[in-house]
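K.L.:
What follows is work_7.txt, compact mmCIF, C-alpha atoms (C1' of nucleotides).
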```txt
# COMPACT_ATOMS: atom_id res chain seq x y z
CA MET F 1 13.53 -13.78 -34.71
CA ALA F 2 10.97 -11.03 -34.39
CA ARG F 3 12.21 -9.43 -31.27
CA GLY F 4 9.44 -6.89 -31.15
CA GLU F 5 6.71 -9.49 -30.82
CA ASN F 6 8.68 -11.36 -28.23
CA ARG F 7 9.06 -8.17 -26.27
CA ASP F 8 5.35 -7.49 -26.31
CA GLN F 9 4.63 -11.04 -25.24
CA ARG F 10 7.03 -10.67 -22.33
CA ARG F 11 5.34 -7.48 -21.27
CA ARG F 12 1.96 -9.16 -21.40
CA ASP F 13 3.26 -12.10 -19.35
CA ILE F 14 4.58 -9.79 -16.69
CA ALA F 15 1.40 -7.73 -16.66
CA GLU F 16 -0.66 -10.88 -16.21
CA ALA F 17 1.59 -11.92 -13.35
CA LEU F 18 0.87 -8.59 -11.69
CA LEU F 19 -2.85 -9.09 -12.15
CA ARG F 20 -2.65 -12.57 -10.64
CA VAL F 21 -0.77 -11.28 -7.60
CA ALA F 22 -3.17 -8.36 -7.22
CA ALA F 23 -6.18 -10.66 -7.47
CA GLU F 24 -4.92 -13.10 -4.87
CA ARG F 25 -3.09 -10.89 -2.42
CA GLY F 26 -4.27 -7.35 -3.19
CA LEU F 27 -2.88 -4.65 -5.42
CA HIS F 28 -0.65 -3.42 -2.60
CA ALA F 29 1.07 -6.82 -2.60
CA ALA F 30 1.98 -6.49 -6.26
CA THR F 31 5.54 -5.40 -5.65
CA MET F 32 8.21 -5.63 -8.30
CA ARG F 33 9.71 -8.69 -6.62
CA ALA F 34 6.37 -10.42 -6.14
CA VAL F 35 5.48 -9.86 -9.78
CA ALA F 36 8.87 -11.14 -10.91
CA ALA F 37 8.50 -14.27 -8.78
CA GLU F 38 4.94 -14.86 -10.02
CA ALA F 39 6.10 -14.49 -13.62
CA GLY F 40 9.03 -16.79 -12.95
CA VAL F 41 11.63 -14.24 -13.99
CA SER F 42 14.25 -12.17 -12.25
CA LEU F 43 13.62 -8.79 -10.71
CA HIS F 44 15.90 -7.14 -13.22
CA LEU F 45 13.83 -8.45 -16.11
CA VAL F 46 10.75 -6.69 -14.83
CA GLN F 47 12.80 -3.53 -14.54
CA HIS F 48 14.10 -4.08 -18.04
CA TYR F 49 10.66 -4.28 -19.64
CA PHE F 50 9.13 -1.58 -17.47
CA ASP F 51 11.44 1.25 -16.52
CA THR F 52 9.38 2.15 -13.48
CA LYS F 53 6.68 0.60 -11.38
CA GLU F 54 4.17 3.19 -12.48
CA GLN F 55 4.62 2.12 -16.09
CA LEU F 56 4.04 -1.47 -15.10
CA MET F 57 0.90 -0.54 -13.20
CA LEU F 58 -0.46 1.43 -16.13
CA TYR F 59 0.34 -1.29 -18.63
CA ALA F 60 -1.32 -3.91 -16.44
CA LEU F 61 -4.44 -1.76 -16.25
CA GLU F 62 -4.52 -1.52 -20.03
CA HIS F 63 -4.08 -5.26 -20.26
CA LEU F 64 -6.97 -5.74 -17.87
CA ALA F 65 -9.17 -3.55 -20.05
CA ARG F 66 -8.08 -5.51 -23.13
CA GLN F 67 -9.05 -8.79 -21.47
CA MET F 68 -12.45 -7.40 -20.51
CA ALA F 69 -13.07 -6.16 -24.05
CA GLU F 70 -12.04 -9.52 -25.43
CA ARG F 71 -14.48 -11.37 -23.18
CA LEU F 72 -17.28 -9.06 -24.24
CA ARG F 73 -16.38 -9.65 -27.87
CA GLN F 74 -16.67 -13.37 -27.33
CA ARG F 75 -20.07 -12.98 -25.70
CA PHE F 76 -21.29 -10.98 -28.68
CA ALA F 77 -19.84 -13.44 -31.15
CA ALA F 78 -21.70 -16.25 -29.40
CA MET F 79 -25.00 -14.50 -30.10
CA GLY F 80 -26.83 -14.46 -33.38
CA SER F 81 -26.28 -11.89 -36.07
CA GLU F 82 -29.30 -9.83 -35.03
CA PRO F 83 -29.64 -10.40 -31.29
CA ARG F 84 -32.54 -8.90 -29.41
CA PRO F 85 -31.59 -5.95 -27.17
CA ARG F 86 -32.78 -7.77 -24.08
CA GLU F 87 -30.41 -10.61 -24.92
CA VAL F 88 -27.50 -8.23 -25.47
CA LEU F 89 -28.14 -6.37 -22.24
CA GLU F 90 -28.38 -9.51 -20.18
CA ALA F 91 -25.09 -10.73 -21.66
CA VAL F 92 -23.31 -7.48 -20.94
CA LEU F 93 -24.58 -7.24 -17.39
CA ALA F 94 -23.87 -10.90 -16.70
CA GLU F 95 -20.29 -10.32 -17.79
CA ALA F 96 -20.07 -7.54 -15.20
CA MET F 97 -21.07 -9.97 -12.45
CA PRO F 98 -18.35 -11.76 -10.46
CA THR F 99 -19.57 -15.32 -10.89
CA ASP F 100 -16.43 -17.40 -11.29
CA ALA F 101 -12.89 -16.99 -10.00
CA ARG F 102 -11.80 -15.14 -13.11
CA SER F 103 -14.48 -12.48 -12.98
CA ARG F 104 -14.01 -12.19 -9.22
CA ALA F 105 -10.34 -11.49 -9.81
CA PHE F 106 -11.24 -8.95 -12.47
CA HIS F 107 -13.64 -7.13 -10.17
CA HIS F 108 -11.19 -7.10 -7.31
CA VAL F 109 -8.31 -5.72 -9.34
CA TYR F 110 -10.40 -3.24 -11.26
CA THR F 111 -11.94 -1.87 -8.07
CA SER F 112 -8.49 -1.64 -6.54
CA TYR F 113 -7.39 0.48 -9.47
CA VAL F 114 -10.47 2.69 -9.20
CA VAL F 115 -9.84 3.31 -5.53
CA LEU F 116 -6.20 4.02 -6.19
CA ALA F 117 -7.15 6.46 -8.94
CA VAL F 118 -8.91 8.64 -6.38
CA THR F 119 -5.56 9.72 -4.99
CA GLU F 120 -3.27 9.08 -7.98
CA PRO F 121 -3.80 11.56 -10.80
CA ALA F 122 -1.66 9.50 -13.17
CA LEU F 123 -4.23 6.73 -12.90
CA ALA F 124 -7.31 8.94 -12.84
CA VAL F 125 -6.73 10.18 -16.39
CA HIS F 126 -6.27 6.69 -17.76
CA PRO F 127 -8.76 5.81 -20.53
CA ALA F 128 -9.42 2.35 -19.11
CA LEU F 129 -11.20 3.90 -16.15
CA ALA F 130 -13.58 5.70 -18.52
CA ALA F 131 -14.90 2.38 -19.77
CA PRO F 132 -18.15 2.75 -17.80
CA ASN F 133 -18.99 5.78 -19.92
CA ALA F 134 -18.69 3.84 -23.16
CA MET F 135 -20.65 1.04 -21.58
CA ARG F 136 -23.41 3.43 -20.58
CA ASP F 137 -23.71 4.78 -24.12
CA PHE F 138 -23.85 1.25 -25.47
CA VAL F 139 -26.52 0.18 -23.00
CA ALA F 140 -28.48 3.34 -23.73
CA GLY F 141 -28.38 2.52 -27.44
CA GLN F 142 -29.71 -0.97 -26.89
CA LEU F 143 -32.38 0.33 -24.55
CA SER F 144 -33.62 2.97 -26.94
CA LYS F 145 -33.82 0.33 -29.63
CA ALA F 146 -36.09 -1.79 -27.48
CA ARG F 147 -38.06 0.97 -25.78
CA PRO F 148 -37.94 4.30 -27.64
CA ASP F 149 -40.49 5.71 -25.20
CA LEU F 150 -38.27 5.94 -22.13
CA ASP F 151 -35.25 8.03 -21.16
CA ALA F 152 -32.51 5.72 -22.39
CA ALA F 153 -29.56 7.60 -20.86
CA LEU F 154 -31.20 7.70 -17.46
CA GLU F 155 -32.26 4.07 -17.49
CA ALA F 156 -28.82 3.04 -18.72
CA SER F 157 -27.18 4.86 -15.82
CA ALA F 158 -29.57 3.20 -13.41
CA LEU F 159 -28.99 -0.24 -14.88
CA LEU F 160 -25.21 0.05 -14.88
CA ALA F 161 -25.14 1.47 -11.38
CA MET F 162 -27.28 -1.38 -10.17
CA SER F 163 -25.03 -3.86 -11.94
CA ALA F 164 -21.92 -2.35 -10.34
CA GLY F 165 -23.51 -2.26 -6.91
CA LEU F 166 -24.70 -5.83 -7.18
CA GLY F 167 -21.25 -6.90 -8.29
CA ALA F 168 -19.74 -5.22 -5.26
CA SER F 169 -22.19 -6.89 -2.91
CA VAL F 170 -21.42 -10.27 -4.44
CA MET F 171 -17.73 -9.57 -3.94
CA GLY F 172 -18.44 -8.69 -0.34
CA GLY F 173 -20.29 -11.97 0.14
CA GLN F 174 -23.57 -10.28 1.01
CA GLN F 175 -25.41 -12.23 -1.64
CA SER F 176 -24.80 -14.96 -4.18
CA PRO F 177 -24.28 -14.29 -7.90
CA GLU F 178 -27.60 -15.99 -8.57
CA GLN F 179 -29.46 -13.66 -6.22
CA ALA F 180 -27.77 -10.69 -7.85
CA MET F 181 -28.72 -11.86 -11.32
CA THR F 182 -32.30 -12.32 -10.17
CA VAL F 183 -32.42 -8.71 -9.01
CA LEU F 184 -30.85 -7.55 -12.24
CA ARG F 185 -33.24 -9.56 -14.41
CA HIS F 186 -36.14 -8.16 -12.46
CA GLN F 187 -35.05 -4.65 -13.39
CA LEU F 188 -34.52 -5.73 -16.98
CA ASP F 189 -38.01 -7.21 -17.06
CA ARG F 190 -39.38 -3.82 -16.19
CA LEU F 191 -37.52 -2.20 -19.07
CA CYS F 192 -37.62 -4.81 -21.84
CA PRO F 193 -40.75 -6.89 -21.47
CA MET U 1 -9.14 13.45 36.28
CA ALA U 2 -11.05 10.73 34.52
CA ARG U 3 -8.22 9.09 32.72
CA GLY U 4 -10.42 6.48 31.10
CA GLU U 5 -12.44 9.05 29.20
CA ASN U 6 -9.34 10.88 28.19
CA ARG U 7 -7.94 7.67 26.88
CA ASP U 8 -10.99 6.98 24.75
CA GLN U 9 -10.92 10.52 23.46
CA ARG U 10 -7.30 10.09 22.46
CA ARG U 11 -8.09 6.90 20.61
CA ARG U 12 -10.89 8.62 18.76
CA ASP U 13 -8.60 11.53 17.84
CA ILE U 14 -6.00 9.18 16.46
CA ALA U 15 -8.60 7.16 14.58
CA GLU U 16 -9.96 10.33 13.02
CA ALA U 17 -6.46 11.33 12.01
CA LEU U 18 -6.12 7.99 10.25
CA LEU U 19 -9.41 8.55 8.45
CA ARG U 20 -8.30 12.00 7.32
CA VAL U 21 -5.02 10.69 5.95
CA ALA U 22 -6.78 7.79 4.25
CA ALA U 23 -9.32 10.12 2.70
CA GLU U 24 -6.76 12.54 1.34
CA ARG U 25 -3.87 10.30 0.41
CA GLY U 26 -5.33 6.79 0.32
CA LEU U 27 -5.53 4.07 2.94
CA HIS U 28 -2.10 2.80 1.95
CA ALA U 29 -0.67 6.18 2.96
CA ALA U 30 -2.08 5.86 6.46
CA THR U 31 1.16 4.71 8.05
CA MET U 32 1.78 4.94 11.76
CA ARG U 33 4.01 7.97 11.27
CA ALA U 34 1.60 9.73 8.93
CA VAL U 35 -1.26 9.21 11.37
CA ALA U 36 0.84 10.47 14.26
CA ALA U 37 1.82 13.59 12.32
CA GLU U 38 -1.78 14.23 11.27
CA ALA U 39 -2.93 13.85 14.86
CA GLY U 40 -0.13 16.13 16.04
CA VAL U 41 1.33 13.55 18.38
CA SER U 42 4.43 11.44 18.47
CA LEU U 43 4.80 8.07 16.85
CA HIS U 44 5.18 6.42 20.20
CA LEU U 45 1.84 7.78 21.33
CA VAL U 46 0.06 6.02 18.54
CA GLN U 47 1.86 2.86 19.50
CA HIS U 48 0.86 3.39 23.10
CA TYR U 49 -2.85 3.66 22.38
CA PHE U 50 -2.87 0.94 19.74
CA ASP U 51 -0.47 -1.92 20.34
CA THR U 52 -0.39 -2.81 16.67
CA LYS U 53 -1.32 -1.25 13.39
CA GLU U 54 -4.04 -3.81 12.79
CA GLN U 55 -5.78 -2.72 15.99
CA LEU U 56 -5.63 0.88 14.86
CA MET U 57 -7.08 -0.03 11.47
CA LEU U 58 -9.92 -1.98 13.06
CA TYR U 59 -10.70 0.75 15.56
CA ALA U 60 -10.72 3.38 12.81
CA LEU U 61 -13.16 1.26 10.84
CA GLU U 62 -15.44 1.03 13.84
CA HIS U 63 -15.19 4.77 14.31
CA LEU U 64 -16.12 5.28 10.67
CA ALA U 65 -19.21 3.12 11.16
CA ARG U 66 -20.10 5.07 14.29
CA GLN U 67 -19.87 8.36 12.40
CA MET U 68 -22.08 7.02 9.63
CA ALA U 69 -24.67 5.80 12.11
CA GLU U 70 -24.60 9.16 13.86
CA ARG U 71 -25.23 11.04 10.61
CA LEU U 72 -28.14 8.75 9.83
CA ARG U 73 -29.55 9.34 13.30
CA GLN U 74 -29.41 13.08 12.71
CA ARG U 75 -31.21 12.72 9.38
CA PHE U 76 -33.96 10.77 11.07
CA ALA U 77 -34.20 13.22 13.93
CA ALA U 78 -34.63 16.05 11.43
CA MET U 79 -37.73 14.38 10.05
CA GLY U 80 -41.15 14.38 11.63
CA SER U 81 -42.33 11.84 14.13
CA GLU U 82 -44.19 9.80 11.52
CA PRO U 83 -42.28 10.33 8.27
CA ARG U 84 -43.54 8.86 5.02
CA PRO U 85 -41.50 5.87 3.78
CA ARG U 86 -40.65 7.73 0.60
CA GLU U 87 -39.16 10.51 2.67
CA VAL U 88 -37.15 8.10 4.80
CA LEU U 89 -35.82 6.24 1.79
CA GLU U 90 -34.76 9.37 0.01
CA ALA U 91 -32.93 10.56 3.13
CA VAL U 92 -31.11 7.27 3.59
CA LEU U 93 -30.08 7.04 -0.04
CA ALA U 94 -29.03 10.68 -0.16
CA GLU U 95 -26.79 10.03 2.83
CA ALA U 96 -25.13 7.27 0.83
CA MET U 97 -24.30 9.69 -1.98
CA PRO U 98 -20.90 11.44 -1.99
CA THR U 99 -22.09 15.01 -2.34
CA ASP U 100 -19.75 17.05 -0.15
CA ALA U 101 -16.15 16.60 0.89
CA ARG U 102 -17.11 14.73 4.02
CA SER U 103 -19.25 12.12 2.32
CA ARG U 104 -16.66 11.80 -0.43
CA ALA U 105 -14.05 11.05 2.19
CA PHE U 106 -16.37 8.53 3.81
CA HIS U 107 -17.00 6.74 0.51
CA HIS U 108 -13.33 6.66 -0.35
CA VAL U 109 -12.21 5.23 2.96
CA TYR U 110 -15.07 2.80 3.29
CA THR U 111 -14.46 1.44 -0.21
CA SER U 112 -10.77 1.15 0.57
CA TYR U 113 -11.63 -0.97 3.58
CA VAL U 114 -13.99 -3.14 1.54
CA VAL U 115 -11.32 -3.79 -1.05
CA LEU U 116 -8.78 -4.57 1.64
CA ALA U 117 -11.22 -6.97 3.26
CA VAL U 118 -11.15 -9.13 0.14
CA THR U 119 -7.63 -10.25 0.96
CA GLU U 120 -7.52 -9.63 4.73
CA PRO U 121 -9.63 -12.09 6.69
CA ALA U 122 -9.26 -10.05 9.88
CA LEU U 123 -11.15 -7.25 8.17
CA ALA U 124 -13.63 -9.41 6.32
CA VAL U 125 -15.24 -10.64 9.52
CA HIS U 126 -15.64 -7.15 10.93
CA PRO U 127 -19.26 -6.24 11.72
CA ALA U 128 -18.93 -2.77 10.19
CA LEU U 129 -18.67 -4.32 6.75
CA ALA U 130 -22.00 -6.06 7.25
CA ALA U 131 -23.76 -2.71 7.52
CA PRO U 132 -25.23 -3.04 4.01
CA ASN U 133 -27.21 -6.04 5.22
CA ALA U 134 -28.84 -4.10 8.03
CA MET U 135 -29.46 -1.27 5.61
CA ARG U 136 -31.13 -3.64 3.19
CA ASP U 137 -33.48 -4.95 5.86
CA PHE U 138 -34.33 -1.43 6.90
CA VAL U 139 -35.03 -0.33 3.33
CA ALA U 140 -37.09 -3.44 2.76
CA GLY U 141 -39.17 -2.61 5.82
CA GLN U 142 -39.88 0.90 4.62
CA LEU U 143 -40.70 -0.39 1.16
CA SER U 144 -43.13 -3.01 2.36
CA LYS U 145 -44.84 -0.34 4.43
CA ALA U 146 -45.40 1.81 1.35
CA ARG U 147 -46.04 -0.92 -1.19
CA PRO U 148 -47.08 -4.24 0.37
CA ASP U 149 -47.74 -5.64 -3.10
CA LEU U 150 -44.16 -5.92 -4.29
CA ASP U 151 -41.16 -8.06 -3.31
CA ALA U 152 -39.64 -5.78 -0.70
CA ALA U 153 -36.38 -7.69 -0.21
CA LEU U 154 -35.72 -7.81 -3.93
CA GLU U 155 -36.52 -4.15 -4.52
CA ALA U 156 -34.45 -3.16 -1.51
CA SER U 157 -31.46 -5.03 -2.89
CA ALA U 158 -31.95 -3.34 -6.23
CA LEU U 159 -32.27 0.09 -4.69
CA LEU U 160 -29.23 -0.25 -2.47
CA ALA U 161 -27.13 -1.70 -5.27
CA MET U 162 -28.13 1.20 -7.50
CA SER U 163 -27.30 3.63 -4.73
CA ALA U 164 -23.87 2.08 -4.21
CA GLY U 165 -23.16 2.00 -7.92
CA LEU U 166 -24.21 5.59 -8.39
CA GLY U 167 -22.06 6.61 -5.47
CA ALA U 168 -19.09 4.90 -7.05
CA SER U 169 -19.67 6.60 -10.38
CA VAL U 170 -19.89 9.97 -8.66
CA MET U 171 -16.63 9.21 -6.91
CA GLY U 172 -15.10 8.33 -10.26
CA GLY U 173 -16.27 11.61 -11.70
CA GLN U 174 -18.44 9.98 -14.35
CA GLN U 175 -21.44 11.98 -13.26
CA SER U 176 -22.41 14.70 -10.83
CA PRO U 177 -24.17 14.03 -7.53
CA GLU U 178 -27.24 15.80 -8.92
CA GLN U 179 -27.39 13.48 -11.91
CA ALA U 180 -27.01 10.49 -9.63
CA MET U 181 -29.80 11.71 -7.36
CA THR U 182 -32.02 12.21 -10.40
CA VAL U 183 -31.49 8.60 -11.42
CA LEU U 184 -32.13 7.43 -7.88
CA ARG U 185 -35.31 9.47 -7.51
CA HIS U 186 -36.56 8.10 -10.79
CA GLN U 187 -36.25 4.59 -9.45
CA LEU U 188 -37.92 5.68 -6.21
CA ASP U 189 -40.78 7.20 -8.18
CA ARG U 190 -41.42 3.82 -9.70
CA LEU U 191 -41.63 2.18 -6.30
CA CYS U 192 -43.30 4.81 -4.11
CA PRO U 193 -45.58 6.95 -6.22
C1' DT T 1 35.99 -12.80 -36.71
C1' DT T 2 34.96 -8.74 -34.30
C1' DG T 3 32.09 -5.29 -32.52
C1' DT T 4 27.66 -4.02 -30.78
C1' DA T 5 23.18 -3.82 -29.18
C1' DT T 6 19.65 -6.45 -26.86
C1' DC T 7 18.50 -9.81 -23.31
C1' DG T 8 19.31 -11.86 -18.87
C1' DG T 9 20.94 -12.28 -13.81
C1' DG T 10 22.80 -10.84 -9.46
C1' DT T 11 23.98 -7.45 -5.99
C1' DA T 12 23.97 -2.96 -3.71
C1' DC T 13 21.81 1.13 -1.76
C1' DA T 14 18.79 4.71 0.12
C1' DT T 15 14.22 5.08 1.91
C1' DT T 16 10.25 3.67 4.34
C1' DT T 17 7.62 0.90 7.61
C1' DG T 18 6.21 -1.52 11.82
C1' DT T 19 7.91 -2.46 16.13
C1' DA T 20 10.82 -2.25 20.31
C1' DC T 21 13.64 -0.01 23.70
C1' DC T 22 15.21 3.63 26.82
C1' DA T 23 14.88 8.39 28.98
C1' DA T 24 12.24 12.51 30.66
C1' DA T 25 8.14 14.56 32.52
C1' DT T 26 3.76 14.86 34.77
C1' DG T 27 0.08 13.84 37.98
C1' DC T 28 -1.32 11.55 42.27
C1' DG T 29 -1.26 9.57 46.94
C1' DT T 30 1.38 9.32 51.08
C1' DA N 1 8.95 16.24 49.89
C1' DC N 2 9.08 11.66 47.99
C1' DG N 3 8.02 7.55 45.32
C1' DC N 4 5.46 5.51 41.74
C1' DA N 5 2.58 4.74 37.90
C1' DT N 6 1.17 6.71 33.64
C1' DT N 7 2.08 9.55 29.76
C1' DT N 8 5.13 11.42 26.29
C1' DG N 9 9.22 11.63 23.40
C1' DG N 10 13.36 10.22 20.84
C1' DT N 11 16.11 6.71 18.90
C1' DA N 12 17.20 2.12 17.10
C1' DC N 13 16.54 -1.89 14.27
C1' DA N 14 15.17 -5.58 11.09
C1' DA N 15 12.55 -6.23 7.03
C1' DA N 16 10.79 -4.76 2.65
C1' DT N 17 10.72 -1.93 -1.54
C1' DG N 18 11.92 0.79 -5.74
C1' DT N 19 15.79 1.80 -8.27
C1' DA N 20 20.55 1.71 -10.04
C1' DC N 21 24.77 -0.50 -11.25
C1' DC N 22 27.87 -4.18 -12.91
C1' DC N 23 28.78 -8.50 -15.32
C1' DG N 24 27.75 -12.50 -18.86
C1' DA N 25 25.51 -14.44 -22.87
C1' DT N 26 23.61 -14.31 -27.43
C1' DA N 27 22.35 -12.91 -31.99
C1' DC N 28 23.05 -9.93 -35.88
C1' DA N 29 26.00 -6.56 -38.90
C1' DA N 30 30.37 -5.28 -40.93
```
Would you kindly transcribe this structure into structure tokens?

P.N.:
Amino acid sequence: MARGENRDQRRRDIAEALLRVAAERGLHAATMRAVAAEAGVSLHLVQHYFDTKEQLMLYALEHLARQMAERLRQRFAAMGSEPRPREVLEAVLAEAMPTDARSRAFHHVYTSYVVLAVTEPALAVHPALAAPNAMRDFVAGQLSKARPDLDAALEASALLAMSAGLGASVMGGQQSPEQAMTVLRHQLDRLCP
Amino acid sequence: MARGENRDQRRRDIAEALLRVAAERGLHAATMRAVAAEAGVSLHLVQHYFDTKEQLMLYALEHLARQMAERLRQRFAAMGSEPRPREVLEAVLAEAMPTDARSRAFHHVYTSYVVLAVTEPALAVHPALAAPNAMRDFVAGQLSKARPDLDAALEASALLAMSAGLGASVMGGQQSPEQAMTVLRHQLDRLCP
DNA sequence: TTGTATCGGGTACATTTGTACCAAATGCGT
DNA sequence: ACGCATTTGGTACAAATGTACCCGATACAA
């Protein structure tokens, strides 16, 4: 039996259990015991696969980033071979919106990590939290392709900030996902007619 | 001696101690003992003025909202009697940007509360977390005054979302406050020429 | 078969946290 | 001066949490 693969699968299972607990009860509720119970394993097993809680937290964050990247990949694959920039941008920004339970959970946990990173240096340096930078460059590239006349970096920052802010307000229940998407599309209309 | 006033002052002192701890070490680090130590009083005193930790948390949130409202009032007072909408909007949105240590602390703690509210119903219903709604109405009013031709509610949502998102990215260190303000002013230029 | 390393489970322990209880001190009216 | 209510302080306690330790079981190598 390939023990290595099995080990990685176990680690993923446990990390996903942590993300489920964090999504439903908050990241502070993701204790070692709660994660073990959610994963259906013993406390010692969690300790066995992750020597310390910090390692588990970091691994779960990486797993979260992997899931996000995978979902984006699927969105791109669903589009044609030469999609229009406007189409790409709308897909990316829609993915960043908490519409269903899964994306709500993602937003909640990711924001929890971001807040935690403010006071935890070990988290702050983690590459997964630099994802917005890569996203900004990508959006800027698409924008400059569609509208070479405007300041792509600036507009990309504005667009992503608006997307993040709208996502937060949807999470807070201040507006519905549809309203948020309307606002976002309105901004997109200005940029990519 | 007016004991009532003294009592309120004490409660404010303790609440501010909680906000300081939360800003520097995270809201999860704001334990009863940590707050007492920060306030320079005994643990029992904190218990005396706030029967339970939840009450302390709620009161501190209200105090945070009061401080924010006070700062906004000062910004308005510093402007002329009949300020131009563009001026008002820029002041409001600048206040929402984490430029100095104080506004950084405010952003950090407020976001911590928002994240907590996702899983804590007692917090979710708190009026202080509905502040963005009032802010949106206010911004929409200023916008419609300057540009009656556009959809004020929609543009206000967009502007506030962008402001919140930019604030978050400044907190995360992805860009400087100056860069964020540049982006924000660019959007304002589009709306209020 | 025997030894050994990995996987799995249960229990124990020191620390921390919210809360409760009991004692001293201080201010005020009588 | 005395009694009483309020304020302040110290200690105690049950629950939870991260971590460490000990004991089987199982699969592979010699």

K.L.:
With all atoms listed in the file counted, which protein, DNA or RNA residues have an atom no more than 9 Å from (-4.4, -8.6, -4.3) in the file frame? Please answer as a list of chain:residue names.

P.N.:
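Residues found, by chain and rising number: F:Leu19, F:Arg20, F:Val21, F:Ala22, F:Ala23, F:Glu24, F:Arg25, F:Gly26, F:Leu27, F:His28, F:Ala29, F:Ala30, F:Ala105, F:His108, F:Val109, F:Ser112, U:Leu116, U:Val118, U:Thr119.
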
K.L.:
Write out as a PyMOL selection string every residue belonging to chain U that has an atom at most 9 Å from any atom of chain F, counting only C-alpha atoms.

P.N.:
chain U and resi 23-26+28+108+111-112+114-120+124+129-130+132-133+154-155+157-169+171-172+174+179-180+182-184+186-187

K.L.:
Write down, as a list in words, each residue of chain U that has any atom within 8 Å of an atom of chain T, counting all atoms listed in the file.

P.N.:
Thr31, Met32 and Lys53 of chain U

K.L.:
Please build the interface table for chain N against chain U with a cut-off of 12 Å, listing for each qualifying residue the nearest atom pair and the distance in Å to one decimal; count all atoms listed in the file, order rows by chain and increasing number, and write it as CSV.

P.N.:
```
residue,atom,partner,partner_atom,distance
N:DT6,C1',U:Arg3,CA,9.7
N:DT7,C1',U:Leu45,CA,8.6
N:DT8,C1',U:Leu45,CA,7.0
N:DG9,C1',U:Ser42,CA,6.9
N:DG10,C1',U:His44,CA,9.0
N:DT11,C1',U:His44,CA,11.0
```

K.L.:
What does the file look like for those residues with C-alpha atoms (C1' of nucleotides), as a short mmCIF file (atom, residue, chain, number, x, y, z; two decimals), in the coordinates of the input?

P.N.:
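Once written, again03.cif looks like this:
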```
data_model
loop_
_atom_site.label_atom_id
_atom_site.label_comp_id
_atom_site.auth_asym_id
_atom_site.auth_seq_id
_atom_site.Cartn_x
_atom_site.Cartn_y
_atom_site.Cartn_z
"C1'" DT N 6 1.17 6.71 33.64
"C1'" DT N 7 2.08 9.55 29.76
"C1'" DT N 8 5.13 11.42 26.29
"C1'" DG N 9 9.22 11.63 23.40
"C1'" DG N 10 13.36 10.22 20.84
"C1'" DT N 11 16.11 6.71 18.90
#
```

K.L.:
What gap, in Å, lies between atom CA of Ala36 of chain U and atom CA of Ala17 of chain U?

P.N.:
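These two atoms are separated by 7.7 Å.
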
K.L.:
So, counting all atoms listed in the file, which residue among F:Arg71, F:Ser144, F:Ala122, F:Asp151 is closest to Ala94 of chain F?

P.N.:
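For Ala94 of chain F, the nearest of the given residues is F:Arg71.
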
K.L.:
Select, counting all atoms listed in the file, all protein, DNA and RNA residues no farther than 10 Å from (-9.8, 1.1, 14.8) in file coordinates, and express the selection as a VMD selection string.

P.N.:
chain U and resid 11 to 12 14 to 16 18 to 19 50 53 to 64

K.L.:
Kindly reconstruct segment 107-117 of chain F with N, CA and C atoms and present the result as a PDB file, keeping the file's coordinate frame.

P.N.:
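Listed below is the output, result06.pdb:
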```pdb
ATOM      1  N   HIS F 107     -12.964  -8.136 -10.983  1.00  0.00           N
ATOM      2  CA  HIS F 107     -13.640  -7.130 -10.170  1.00  0.00           C
ATOM      3  C   HIS F 107     -12.718  -6.592  -9.091  1.00  0.00           C
ATOM      4  N   HIS F 108     -12.047  -7.500  -8.411  1.00  0.00           N
ATOM      5  CA  HIS F 108     -11.190  -7.100  -7.310  1.00  0.00           C
ATOM      6  C   HIS F 108     -10.104  -6.139  -7.799  1.00  0.00           C
ATOM      7  N   VAL F 109      -9.419  -6.536  -8.858  1.00  0.00           N
ATOM      8  CA  VAL F 109      -8.310  -5.720  -9.340  1.00  0.00           C
ATOM      9  C   VAL F 109      -8.827  -4.400  -9.916  1.00  0.00           C
ATOM     10  N   TYR F 110      -9.885  -4.476 -10.666  1.00  0.00           N
ATOM     11  CA  TYR F 110     -10.400  -3.240 -11.260  1.00  0.00           C
ATOM     12  C   TYR F 110     -10.833  -2.251 -10.167  1.00  0.00           C
ATOM     13  N   THR F 111     -11.537  -2.756  -9.176  1.00  0.00           N
ATOM     14  CA  THR F 111     -11.940  -1.870  -8.070  1.00  0.00           C
ATOM     15  C   THR F 111     -10.727  -1.310  -7.345  1.00  0.00           C
ATOM     16  N   SER F 112      -9.718  -2.138  -7.177  1.00  0.00           N
ATOM     17  CA  SER F 112      -8.490  -1.640  -6.540  1.00  0.00           C
ATOM     18  C   SER F 112      -7.923  -0.472  -7.336  1.00  0.00           C
ATOM     19  N   TYR F 113      -7.896  -0.607  -8.642  1.00  0.00           N
ATOM     20  CA  TYR F 113      -7.390   0.480  -9.470  1.00  0.00           C
ATOM     21  C   TYR F 113      -8.270   1.723  -9.333  1.00  0.00           C
ATOM     22  N   VAL F 114      -9.566   1.537  -9.325  1.00  0.00           N
ATOM     23  CA  VAL F 114     -10.470   2.690  -9.200  1.00  0.00           C
ATOM     24  C   VAL F 114     -10.228   3.421  -7.898  1.00  0.00           C
ATOM     25  N   VAL F 115     -10.094   2.669  -6.828  1.00  0.00           N
ATOM     26  CA  VAL F 115      -9.840   3.310  -5.530  1.00  0.00           C
ATOM     27  C   VAL F 115      -8.506   4.032  -5.545  1.00  0.00           C
ATOM     28  N   LEU F 116      -7.521   3.389  -6.129  1.00  0.00           N
ATOM     29  CA  LEU F 116      -6.200   4.020  -6.190  1.00  0.00           C
ATOM     30  C   LEU F 116      -6.251   5.305  -7.017  1.00  0.00           C
ATOM     31  N   ALA F 117      -7.083   5.297  -8.042  1.00  0.00           N
ATOM     32  CA  ALA F 117      -7.150   6.460  -8.940  1.00  0.00           C
ATOM     33  C   ALA F 117      -7.686   7.697  -8.218  1.00  0.00           C
TER      34      ALA F 117
END
```
